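Peer 1: Here you go, one structure.
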Protein chains: 2
Amino acid sequence: MINGSVSTGTPSEVLSRRLSRRWDLPPSALSLLRDIDFDVQTLPSRTSIIEEGQRATACCLILDGVTSRFQLTQGGERQIHEVHVAGDMPDLLSLHLRKMDHSLRTLSECRVAFVTHEQIWGLCRQSEEINAALWRETLIDAAIFRTSIIRVGRLPAVSRVAHLFVELTLRLQLIGRAEDNHFNIELSQQEMGDVLALSFVSVNRALKELRSYSIVRLINRYLTILDWDKLVSIAQFEDTYLHLKE
Amino acid sequence: MINGSVSTGTPSEVLSRRLSRRWDLPPSALSLLRDIDFDVQTLPSRTSIIEEGQRATACCLILDGVTSRFQLTQGGERQIHEVHVAGDMPDLLSLHLRKMDHSLRTLSECRVAFVTHEQIWGLCRQSEEINAALWRETLIDAAIFRTSIIRVGRLPAVSRVAHLFVELTLRLQLIGRAEDNHFNIELSQQEMGDVLALSFVSVNRALKELRSYSIVRLINRYLTILDWDKLVSIAQFEDTYLHLKE
DNA sequence: CGACCCTTTGAAAGGAATCAACTTATGTGG
DNA sequence: CCACATAAGTTGATTCCTTTCAAAGGGTCG
């Protein structure tokens, strides 16, 4: 299940790589990162990381696997705001918002490293660069939410599914886990529906369509993208919001 | 048009009040805020503040009026991610994201105060509290986006309109501009549709329904909420995401 | 082997979009 | 001051897409 092939390393290394993605961190910042204490845990699929209403005292860094950020509607539907992969810190926001307004849980088996808020606050105090880099990560999350508003509000079902596939592929490529445009997407069709605000029936029909044009293959949650350009075009995808390069 | 009744004052005062909304800032931080140079401008309705693709060198603080954060889809539809009111700083994110992935423009005549990035970076360096408060503001924006995903993805038309009304009322009450549950909403029905991912026809029909039950009155963009509890209930509104109190 | 979860497909129902026409304000210039 | 133009609001009829309901098929694991 856990695929440690590429973006492996100690939690500090994973975090350093992530934060120096756009600009190199100064050596002083890197050495600060090396001194952090991480509490690494392996969590089974569908384990809660933090629940709506709770107050966090630590943040987590995903080392392996996929997690979901979600909220339940009054009607009992689950809206997944965002899916997180290795290298992401899904609850960074808890640093400055006391009460969680949504929940986090694993979608697959995950390896996760916890860091206390105290330590992160210390890092931010000691390094302007780390402060900026972490803030920036939360801003990119916000950009992903904005794009999700459009995905869910404006795109037809097939485009929504295509858009999710493109986004996940790009984010996984960034950590070297989808080089050849194929990877384990970990999501059931119901869960894709939870992300895209679609019923699982509609997701299924969208997949059928994408398959019928030989654009993707999806077998046992293993996704292969056969025609990238067509997929991007159907998704009406524009990658600015991911802020991949500066 | 410009209603300077309550949250008036110099830009520094408006900003101080905003940032000490949840926790008092220490005197040292307050004095830093007093020393900022603001460039105050009055912008006509529908004026661009910053465009997608551009790089900002300053942030703005809204003193009066309403602005929109939006993006155009490939189909030419306008999705308004968020509406901003007095006290908001809609482009704080430009501090750490080079290229804007969306645009900002006024929806009504606005009074806006610009501050250079240089000055804000300076503030964040000099005051941990200001750094945290500004970061926090961007995190609340993100929470608003998350809620918008659910609003647009899961709620029927009437609930969406109701939800927008409740959100705007609460945010305006926070700055003392909707005390008696009535205020100028500044949005046309088309613009409400742009926020809610609805056609203006559907917005119109939703309004008709809300009016028919005497829940709201809306005349010349002036909104009066007649039955708050019913509106909240129809909206399926839960205010945690606004992080009003800690 | 059977229970369970996920996927697949068909048929019917429902909600919003679209198309279209008409009304109501607002504003401008003759 | 009114004629006309323009933007915004209202309403009905139809179409389209997605949901819901229903049932069958496939895979996995105790």
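Chains: A, B, ... in order of the structure tokens. Residues: from 1 per chain. Ligands: from 1, in order shown.
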Skipping near chain neighbours, those fewer than 5 positions away, what residues fall within 9 Å of region 24-30 of chain D using only C-alpha atoms (C1' of nucleotides), listed as a ChimeraX atom specification?
Peer 2: /C:4-9
Peer 1: For those residues, write C-alpha atoms (C1' of nucleotides) to a file as a compact mmCIF listing (two decimals), in the first residue's frame.
Peer 2:
# COMPACT_ATOMS: atom_id res chain seq x y z
C1' DC C 4 -20.21 -6.32 2.14
C1' DC C 5 -18.59 -2.74 -0.60
C1' DC C 6 -18.00 -0.91 -4.95
C1' DT C 7 -19.21 -0.56 -9.78
C1' DT C 8 -22.36 -0.55 -13.61
C1' DT C 9 -26.59 0.35 -16.09
Peer 1: Using DSSP on the backbone coordinates, identify all residues within region 167-202 of chain B classified as alpha helix (DSSP H); present the result as JSON, numbers by chain.
Peer 2: {"B": [167, 168, 169, 170, 171, 172, 173, 174, 189, 190, 191, 192, 193, 194, 195, 196, 200, 201, 202]}
Peer 1: Which chain C residues have any atom within 9 Å of an atom of region 2-6 of chain D, and for each, what is the nearest pair of atoms with distance in Å to one decimal, counting only C-alpha atoms (C1' of nucleotides), rows sorted by chain and number, as a Markdown table?
Peer 2:
| residue | atom | partner | partner_atom | distance |
| --- | --- | --- | --- | --- |
| C:DT26 | C1' | D:DT6 | C1' | 8.3 |
| C:DG27 | C1' | D:DT6 | C1' | 8.2 |
| C:DT28 | C1' | D:DA5 | C1' | 8.1 |
| C:DG30 | C1' | D:DA3 | C1' | 8.4 |
Peer 1: Could you tell me how far CA of Gln236 (chain B) sits from CA of Arg151 (chain B), in Å to one decimal place?
Peer 2: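 CA of Gln236 (chain B) lies at a distance of 9.3 Å from CA of Arg151 (chain B).
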Peer 1: According to DSSP computed on the backbone, where in region 24-246 of chain B is there strand (DSSP E or B)? Give the residues as a VMD selection string.
Peer 2: chain B and resid 39 to 43 48 to 50 55 58 to 64 67 to 72 78 to 84 99 103 to 106 110 to 116 182 to 184 216 to 219 222 to 225
Peer 1: Which residues of chain D are close to chain A, meaning at most 9 Å apart when you count only C-alpha atoms (C1' of nucleotides), and how do they look as a PyMOL selection string?
Peer 2: chain D and resi 17-19
Peer 1: Store the residues picked out above, limited to N, CA and C atoms (P, O5', C5', C4', C3', O3' and C1' of nucleotides), as a JSON list (two decimals), in the first residue's frame.
Peer 2:
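Wrote it out as selection_3.json, contents follow:
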[["chain", "number", "residue", "atom", "x", "y", "z"],
["D", 17, "DC", "P", -27.20, 18.51, -21.86],
["D", 17, "DC", "O5'", -26.74, 18.37, -20.35],
["D", 17, "DC", "C5'", -26.64, 19.53, -19.53],
["D", 17, "DC", "C4'", -26.87, 19.10, -18.09],
["D", 17, "DC", "C3'", -26.09, 17.85, -17.70],
["D", 17, "DC", "O3'", -25.25, 18.22, -16.61],
["D", 17, "DC", "C1'", -28.38, 17.68, -17.04],
["D", 18, "DT", "P", -24.22, 17.17, -15.97],
["D", 18, "DT", "O5'", -24.96, 16.72, -14.63],
["D", 18, "DT", "C5'", -25.44, 17.71, -13.73],
["D", 18, "DT", "C4'", -26.36, 17.08, -12.72],
["D", 18, "DT", "C3'", -25.80, 15.82, -12.04],
["D", 18, "DT", "O3'", -25.76, 16.08, -10.64],
["D", 18, "DT", "C1'", -28.03, 15.47, -12.79],
["D", 19, "DT", "P", -25.51, 14.87, -9.58],
["D", 19, "DT", "O5'", -26.98, 14.46, -9.14],
["D", 19, "DT", "C5'", -27.83, 15.48, -8.60],
["D", 19, "DT", "C4'", -29.16, 14.86, -8.20],
["D", 19, "DT", "C3'", -29.03, 13.69, -7.23],
["D", 19, "DT", "O3'", -29.87, 13.94, -6.11],
["D", 19, "DT", "C1'", -30.31, 13.05, -9.14]]
Peer 1: Show me, as a list in words, the residues that have an atom within 8 Å of Asp88 (chain B) when counting only C-alpha atoms (C1' of nucleotides), minus same-chain residues fewer than 3 positions from it.
Peer 2: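 After dropping sequence-adjacent residues, the list is Leu61, Ile62, His84 and Val85 of chain B.
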Peer 1: Within 8 Å of DG9 (chain D), counting only C-alpha atoms (C1' of nucleotides), which residues show up once you throw out same-chain ones fewer than 3 positions away? Write them as an MDAnalysis selection string, please.
Peer 2: (chainID B and resid 204) or (chainID C and resid 23:24)
Peer 1: Got time to write the residues from that selection, N, CA and C atoms (P, O5', C5', C4', C3', O3' and C1' of nucleotides), as a compact mmCIF listing (two decimals), in the first residue's frame?
Peer 2:
# COMPACT_ATOMS: atom_id res chain seq x y z
N ASN B 204 -33.67 35.34 -9.39
CA ASN B 204 -34.93 36.07 -9.32
C ASN B 204 -36.04 35.20 -8.72
P DT C 23 -45.73 44.65 -21.00
O5' DT C 23 -45.03 45.00 -19.63
C5' DT C 23 -45.10 44.07 -18.55
C4' DT C 23 -44.19 44.56 -17.46
C3' DT C 23 -44.31 46.06 -17.16
O3' DT C 23 -44.54 46.20 -15.78
C1' DT C 23 -42.04 45.45 -17.49
P DT C 24 -44.93 47.59 -15.17
O5' DT C 24 -43.56 48.08 -14.53
C5' DT C 24 -42.80 47.19 -13.74
C4' DT C 24 -41.44 47.80 -13.51
C3' DT C 24 -41.46 49.29 -13.22
O3' DT C 24 -41.16 49.45 -11.84
C1' DT C 24 -39.69 48.67 -14.71
Peer 1: Residues of chain C that have any atom at most 9 Å from an atom of chain B: could you tabulate them with the shortest-distance atom pair and the distance in Å to one decimal, using only C-alpha atoms (C1' of nucleotides), ordered by chain and increasing number, as a Markdown table?
Peer 2:
| residue | atom | partner | partner_atom | distance |
| --- | --- | --- | --- | --- |
| C:DG15 | C1' | B:Pro156 | CA | 8.2 |
| C:DA16 | C1' | B:Ser202 | CA | 6.9 |
| C:DA17 | C1' | B:Ser199 | CA | 7.1 |
Peer 1: Hey, can you spit out that residue selection with N, CA and C atoms (P, O5', C5', C4', C3', O3' and C1' of nucleotides) as a compact mmCIF listing (two decimals), in the first residue's frame?
Peer 2:
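Saved to part.txt:
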# COMPACT_ATOMS: atom_id res chain seq x y z
P DG C 15 -37.17 19.56 -7.04
O5' DG C 15 -35.93 20.48 -7.42
C5' DG C 15 -34.62 19.96 -7.39
C4' DG C 15 -33.77 20.74 -8.36
C3' DG C 15 -34.04 22.24 -8.33
O3' DG C 15 -32.80 22.90 -8.19
C1' DG C 15 -34.22 21.40 -10.54
P DA C 16 -32.72 24.45 -7.94
O5' DA C 16 -32.03 24.95 -9.28
C5' DA C 16 -30.80 24.33 -9.67
C4' DA C 16 -30.51 24.67 -11.11
C3' DA C 16 -30.55 26.16 -11.44
O3' DA C 16 -29.32 26.50 -12.07
C1' DA C 16 -31.89 24.90 -12.97
P DA C 17 -29.09 27.82 -12.90
O5' DA C 17 -29.32 27.34 -14.40
C5' DA C 17 -28.50 26.31 -14.92
C4' DA C 17 -28.62 26.27 -16.43
C3' DA C 17 -28.44 27.61 -17.13
O3' DA C 17 -27.67 27.40 -18.31
C1' DA C 17 -30.64 26.76 -17.54
